[in-house]
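*Asks:* Pasting a structure below so you can have a look.
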Amino acid sequence: MFTNLLKYVAAADSERIEALSLEEAAACAAWYDSYVLEPAARESFKAVPEKLEHWKTHLSSPKSTTEGQRQQPLLRRVIRQSQRRGPERLHRSELDFLIAVAQLISEANQDGAFFSRVDSLLTGKINGFEDVRTGQDPAPGLAGLENSVVYVSSDDIKQASTRLVKTFAGLDMPGRGPVLTLKGDTKILDHVPDDHMVVIEDGSCWIGGYVLGRVAASKDCEVRENIAGVAVVRDGDIRCRNIINNASVIAKRGRTIACGSENPKMVFGGMEVRIQDNAVSGTYGGAVISIGNEAQGGEFTASGSLSAKRFQPSDQRELTVILPWKIRSDFYGESVNPEAQRLVGAVRRRERRLANLHNLMQLTSAEWEHFSMAAIMFMFGGDKLRKQVEEMNALQRRMVFLNRVIASIDALTDSAEDQLIEAARARGNRSNRAAESISSALKELRAELLEMDPEDMRDSDLATERAEILSMSDKLEQGGTRATMPVGSIERLRTKKVNWLLERKTIYEDLESREVGLRKMLGKAGSLDEDGATPSSKAKILERLVATARRRPPGDPLADRLGATFMRLMLRTIDSRKQRLLNYGEMAGRLKEEIRRDSEKLMFEYNVSIEEPSDNYDDPPEVKGAFGSGVRIVSERFYLAEGEEAGRNLVVTEDTGTSEKRYFREKTGIGEG
């Protein structure tokens with residue numbers, strides 16, 4: 001493990017020696033001292049002591065600030081082991097290394113502040129380390145630490161075999177050049193050369209200089225200097241100084257964090273992208289994107305939140321914000337084979353189904369509450385309130401029907417948007433499998449619309465609306481990838497939805513007002529609701545009331561009302577809502593498990609990352625900050641080409657000066673708040 005490090009130090013010029021970390025200098029010193037009884041082993045590296053003397057006398061602070069400053073993995077690991085296990089359980093090589101660290105700190109030309117963090121962790125412990133070491137056998141070559149971190153330099157990378165690659169780290173990035181493949185945690189002492197590739201399996205990567213070529217790791221990647229090439233990690237974070245010059249920096253399931261960025265080809269973080277200063281031009285994507293200062297031109301796609309002090313386009317650089325519900329792995333160039341495409345399609349269909357089920361669960365729970373309240377009123381008021389309760393019941397049934405129509409519009413417009421997205425991606429590559437995937441999604445949509453069929457068809461306007469929605473879904477299904485719903489039709493449906501939402505609000509307010517009036521008339525019902533407005537409070541009150549009525553003797557008013565035909569019908573309606581809610585919950589649980597299973601298979605067999613489904617459907621994608629004039633904010637990319645047809649799905653900002661403003665995505669387009 002240490003041979004490459006010693007070769008590098010022995011041949012290094014003054015600039016490289018002065019750039020060595022404390023960890024690297026200590027590893028060289030400890031390795032050299034471990035062969036005190038074997039001078040021949042030192043012969044190849046006899047220049048090392050002189051180099052270390054130069055390091056001690058010319059050590060200086062880093063020349064630049066960087067987010068990739070954590071460049072001493074071995075030092076952190078051994079200190080952590082000493083804290084957990086104590087000196088008595090440390091290996092001889094670990095003791096040698098820590099003692100070398102302490103000695104270098106004491107001999108270096110820097111004051112105590114330079115190594116203050118490490119010094120504080122070792123203060124008062126070195127004598128104990130030396131006492132324990134006295135009773136242990138030597139460990140030549142630091143045997144015991146050899147598998148902790150692999151050290152390589154750019155010279156080692158240049159000696160790798162040249163290969164032609166079609167994909168790199170699962171991304172569609174063909175290229176030809178030397179490819180060095182390593183296993184386990186790896187430290188690249190200087191830089192990754194242009195047109196060279198490094199692949200680290202089952203480990204993290206630390207890079208002491210620039211990334212000009214390509215580097216891929218399964219875990220974290222820390223880069224002290226700028227990334228101008230490609231850096232990809234599967235499960236960890238990427239940290240660096242700046243991202244520049246058409247670079248691609250992709251943390252599939254983690255965070256990408258940099259001081260600044262300028263004109264990157266792609267910056268992606270499955271969890272987060274964080275640019276501490278300015279983000280100038282380029283393409284960015286992630287669940288959360290935060291810019292410490294200005295976003296100056298470029299394209300930002302955020303499925304959660306996007307923030308900056310100011311979003312500023314210019315004549316040379318447009319600035320576009322896209323707020324999708326989710327970001328797919330092909331956004332950053334994931335290469336997906338046919339079997340993985342099939343799994344991705346299955347996951348997407350299940351996710352759509354899961355979102356619809358959660359919507360139905362919320363609606364059904366609210367309906368359960370309203371019908372329970374009506375039943376409570378009848379139990380207390382009997383025939384004298386029957387007319388009022390029946391009127392409430394009619395309003396509630398229309399609202400149930402209305403809920404299903406609104407949910408159907410959401411499902412249809414969401415599916416139509418998905419199909420437009422698929423069509424845009426499939427241009428020039430309309431495979432049968434792509435057509436099959438879209439067709440399957442629409443078949444499932446039709447099944448869902450039919451499941452939303454209301455219990456009766458007495459409201460002709462809503463029945464007509466439902467028939468139109470089913471007809472439009474049929475046309476989409478029959479068209480496959482050859483036909484898509486025009487954006488104008490999507491907007492027309494959403495305009496209808498806005499009108500239905502207004503009516504639903506009116507009905508809801510009417511029901512609330514009627515309930516308040518009946519409470520005042522009865523008094524008793526209100527007193528039963530003192531335990532608070534929990535999600536099923538009225539349902540629980542009704543359960544207690546029914547249990548009480550069943551214990552009453554025949555002839556008692558509560559017992560008689562419980563046996564009335566109207567009440568039996570109400571209880572059947574309530575039981576149907578209760579059973580639906582249980583069924584929806586069970587289906588949602590199965591879908592989440594199937595999504596989890598296929599997502600894991602996609603990651604571990606095909607290296608394709610998919611966001612986990614969330615139970616939180618209330619937080620829409622949003623963008624916040626001060627805006628210059630002309631920032632384009634859209635729901636999905638394809639709306640950019642639609643102009644006025646995009647409706648509320650495309651907003652162009654006016655200059656807000658220094659005032660912060662918030663835009664967010666909702667079902668009907670882009671909202672402001």
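Each chain in the structure tokens gets a letter, A, B and so on, in the order shown; residues start at 1 in every chain, and ligands are counted from 1 in the order they appear.
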Please run DSSP on the backbone and report, as a ChimeraX atom specification, all residues within range 94-231 of chain A that come out as strand (DSSP E).

*Replies:* /A:150-152,162-165,175-183,186-188,197-201,205-207,214-217,221-223,230-231

*Asks:* Give me the residues within 12 Å of Glu318 in chain A as a list in words, counting only C-alpha atoms and dropping any in the same chain fewer than 2 places off.

*Replies:* Val280, Ser281, Gly282, Thr283, Ala295, Gln296, Gly297, Gly298, Glu299, Phe300, Phe311, Gln312, Pro313, Ser314, Asp315, Gln316, Thr320, Val321, Gly628, Ser629, Gly630, Val631, Arg632, Ile633 and Val652 of chain A

*Asks:* Export N, CA, C and O atoms of the chosen residues as a tab-separated table (two decimals), in the first residue's frame?

*Replies:*
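again33.tsv, freshly written:
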```tsv
chain	number	residue	atom	x	y	z
A	280	VAL	N	-22.40	29.92	-12.24
A	280	VAL	CA	-22.41	30.68	-13.49
A	280	VAL	C	-22.65	29.73	-14.65
A	280	VAL	O	-21.82	28.88	-14.95
A	281	SER	N	-23.81	29.85	-15.26
A	281	SER	CA	-24.18	29.05	-16.43
A	281	SER	C	-24.13	27.55	-16.09
A	281	SER	O	-23.92	27.15	-14.95
A	282	GLY	N	-24.36	26.70	-17.09
A	282	GLY	CA	-24.30	25.25	-16.89
A	282	GLY	C	-25.65	24.65	-16.54
A	282	GLY	O	-26.67	25.33	-16.47
A	283	THR	N	-25.64	23.34	-16.30
A	283	THR	CA	-26.84	22.56	-16.01
A	283	THR	C	-26.72	21.93	-14.63
A	283	THR	O	-25.71	21.31	-14.31
A	295	ALA	N	-27.17	32.83	-8.95
A	295	ALA	CA	-27.25	31.93	-10.10
A	295	ALA	C	-27.28	32.82	-11.32
A	295	ALA	O	-28.24	33.59	-11.53
A	296	GLN	N	-26.21	32.77	-12.12
A	296	GLN	CA	-26.05	33.68	-13.26
A	296	GLN	C	-26.21	32.88	-14.55
A	296	GLN	O	-25.25	32.31	-15.07
A	297	GLY	N	-27.41	32.82	-15.06
A	297	GLY	CA	-27.66	32.03	-16.25
A	297	GLY	C	-27.66	30.55	-15.93
A	297	GLY	O	-27.40	30.12	-14.81
A	298	GLY	N	-27.96	29.73	-16.93
A	298	GLY	CA	-27.93	28.28	-16.75
A	298	GLY	C	-29.32	27.68	-16.61
A	298	GLY	O	-30.34	28.36	-16.76
A	299	GLU	N	-29.33	26.37	-16.34
A	299	GLU	CA	-30.58	25.62	-16.20
A	299	GLU	C	-30.55	24.84	-14.90
A	299	GLU	O	-29.61	24.10	-14.63
A	300	PHE	N	-31.59	25.00	-14.09
A	300	PHE	CA	-31.66	24.37	-12.77
A	300	PHE	C	-32.93	23.54	-12.68
A	300	PHE	O	-34.03	24.07	-12.88
A	311	PHE	N	-31.43	35.21	-8.84
A	311	PHE	CA	-31.40	34.51	-10.11
A	311	PHE	C	-31.33	35.57	-11.21
A	311	PHE	O	-32.25	36.38	-11.36
A	312	GLN	N	-30.23	35.55	-11.97
A	312	GLN	CA	-29.98	36.64	-12.90
A	312	GLN	C	-29.62	36.11	-14.29
A	312	GLN	O	-28.54	35.58	-14.50
A	313	PRO	N	-30.52	36.25	-15.29
A	313	PRO	CA	-30.14	35.93	-16.67
A	313	PRO	C	-29.42	37.12	-17.30
A	313	PRO	O	-29.36	38.20	-16.72
A	314	SER	N	-28.87	36.90	-18.47
A	314	SER	CA	-28.23	37.99	-19.20
A	314	SER	C	-28.49	37.80	-20.68
A	314	SER	O	-29.09	36.80	-21.10
A	315	ASP	N	-28.00	38.75	-21.50
A	315	ASP	CA	-28.17	38.61	-22.94
A	315	ASP	C	-27.45	37.38	-23.46
A	315	ASP	O	-27.87	36.76	-24.44
A	316	GLN	N	-26.36	37.00	-22.83
A	316	GLN	CA	-25.58	35.84	-23.27
A	316	GLN	C	-26.06	34.54	-22.64
A	316	GLN	O	-25.88	33.47	-23.19
A	320	THR	N	-33.10	29.25	-16.74
A	320	THR	CA	-34.33	28.47	-16.74
A	320	THR	C	-34.40	27.63	-15.47
A	320	THR	O	-33.42	27.00	-15.07
A	321	VAL	N	-35.57	27.60	-14.85
A	321	VAL	CA	-35.84	26.77	-13.66
A	321	VAL	C	-36.92	25.77	-14.02
A	321	VAL	O	-37.99	26.15	-14.52
A	628	GLY	N	-34.08	38.46	-11.39
A	628	GLY	CA	-33.95	39.42	-12.46
A	628	GLY	C	-35.05	39.22	-13.47
A	628	GLY	O	-35.80	38.23	-13.43
A	629	SER	N	-35.18	40.13	-14.39
A	629	SER	CA	-36.22	40.04	-15.40
A	629	SER	C	-35.88	38.94	-16.42
A	629	SER	O	-34.75	38.84	-16.88
A	630	GLY	N	-36.89	38.11	-16.75
A	630	GLY	CA	-36.73	37.14	-17.83
A	630	GLY	C	-36.36	35.74	-17.41
A	630	GLY	O	-36.08	34.90	-18.28
A	631	VAL	N	-36.36	35.41	-16.11
A	631	VAL	CA	-36.13	34.03	-15.67
A	631	VAL	C	-37.35	33.20	-16.05
A	631	VAL	O	-38.49	33.56	-15.73
A	632	ARG	N	-37.13	32.08	-16.73
A	632	ARG	CA	-38.23	31.20	-17.13
A	632	ARG	C	-38.39	30.08	-16.11
A	632	ARG	O	-37.43	29.38	-15.80
A	633	ILE	N	-39.59	29.90	-15.59
A	633	ILE	CA	-39.88	28.86	-14.61
A	633	ILE	C	-40.97	27.98	-15.20
A	633	ILE	O	-42.06	28.47	-15.54
A	652	VAL	N	-42.63	33.73	-16.70
A	652	VAL	CA	-41.44	34.53	-16.96
A	652	VAL	C	-41.42	35.67	-15.94
A	652	VAL	O	-42.37	36.45	-15.85
```

*Asks:* Set the distance at 7 Å and use only C-alpha atoms: which residues neighbour Thr66 in chain A once local chain neighbours fewer than 6 positions away are removed? I'd like the list as a PDB file with C-alpha atoms, in the first residue's frame.

*Replies:*
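The file below, part.pdb, is the result:
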```pdb
ATOM      1  CA  ARG A 224      -8.858  19.461  -3.081  1.00  0.00           C
ATOM      2  CA  GLU A 225      -8.722  21.495  -6.298  1.00  0.00           C
ATOM      3  CA  CYS A 240     -14.354  20.030  -4.361  1.00  0.00           C
ATOM      4  CA  ARG A 241     -13.103  23.556  -4.833  1.00  0.00           C
ATOM      5  CA  CYS A 259     -17.173  26.602  -3.540  1.00  0.00           C
TER       6      CYS A 259
END
```

*Asks:* Which is closer to Glu334 in chain A than all the others in A:Ile275, A:Leu363, A:Leu558, A:Ile250, using only C-alpha atoms?

*Replies:*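 The closest residue to Glu334 in chain A is A:Ile250.
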
*Asks:* Can you pull out every residue within 6 Å of range 180-191 of chain A, counting only C-alpha atoms, but drop anything in the same chain fewer than 5 positions away, and send it as a list in words?

*Replies:*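 Using only C-alpha atoms, the neighbours found are Val149, Val150, Tyr151, Val152, Ser153, Ser154, Ile157, Ala160, Val198, Val199, Ile200, Glu201, Asp202, Gly203, Ser204, Cys205, Trp206, Ile207, Gly208, Gly209, Tyr210 and Val211 of chain A.
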
*Asks:* How far is it from CA of Lys219 in chain A to CA of Ala346 in chain A, in Å with one decimal?

*Replies:*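 So the answer is 27.5 Å.
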
*Asks:* Please list as a list in words every residue within 8 Å of Phe268 in chain A, counting only C-alpha atoms and excluding residues in the same chain fewer than 2 positions away.

*Replies:*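 So the residues in contact are Val249, Ile250, Ala251, Lys252, Arg255, Thr256, Met266, Gly270, Glu272, Val273, Tyr284, Gly285, Gly286 and Tyr332 of chain A.
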
*Asks:* List as a Markdown table every residue of range 58-83 of chain A that is in contact with range 104-119 of chain A, defined as an atom at most 9 Å from one of its atoms (using only C-alpha atoms), together with the nearest atom pair and the distance in Å rounded to one decimal, sorted by chain and then rising number.

*Replies:*
```
| residue | atom | partner | partner_atom | distance |
| --- | --- | --- | --- | --- |
| A:His58 | CA | A:Asn109 | CA | 7.1 |
| A:Leu59 | CA | A:Asn109 | CA | 6.7 |
| A:Ser60 | CA | A:Gln110 | CA | 7.7 |
| A:Ser61 | CA | A:Phe114 | CA | 7.9 |
| A:Leu75 | CA | A:Val118 | CA | 8.9 |
| A:Ile79 | CA | A:Val118 | CA | 8.7 |
```

*Asks:* So the first atom is CA of Leu90 in chain A and the second is CA of Ile126 in chain A; what is the distance between them in Å, to one decimal place?

*Replies:*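 Taking CA of Leu90 in chain A as the start and CA of Ile126 in chain A as the end point, the length is 12.8 Å.
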
*Asks:* Mind checking which residues fall within 12 Å of Leu121 in chain A, counting only C-alpha atoms, ignoring those fewer than 6 positions away in the same chain, and posting them as a list of chain:residue names?

*Replies:* A:Leu75, A:Arg76, A:Val78, A:Ile79, A:Arg80, A:Ser82, A:Gln83, A:Leu98, A:Val101, A:Ala102, A:Phe115

*Asks:* Quick one: of A:Glu67, A:Arg310, A:Leu412, A:Ser120, who's nearest to Ile243 in chain A, counting only C-alpha atoms?

*Replies:*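 Looking at the shortest contact to Ile243 in chain A, the residue is A:Glu67.
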
*Asks:* Counting only C-alpha atoms, which of A:Glu644, A:Glu491, A:Glu18, A:Asp560 gets nearest to Gly381 in chain A?

*Replies:*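 Counting only C-alpha atoms, the residue closest to Gly381 in chain A is A:Asp560.
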
*Asks:* Between A:Thr123, A:Asn245, A:Ser148, A:Ser635, which residue has the minimum interatomic distance to Ile421 in chain A, considering only C-alpha atoms?

*Replies:*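 Of the candidates, the smallest distance to Ile421 in chain A is held by A:Ser635.
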
*Asks:* In Å to one decimal, how far is CA of Leu74 in chain A from CA of Lys56 in chain A?

*Replies:*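 Between these atoms lies a distance of 19.8 Å.
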
*Asks:* For each of A:Gly345, A:Ser576, A:Phe97, A:Tyr606, take the minimum atom-to-atom distance to Ala169 in chain A, counting only C-alpha atoms, then give the residue where this is smallest.

*Replies:* A:Tyr606
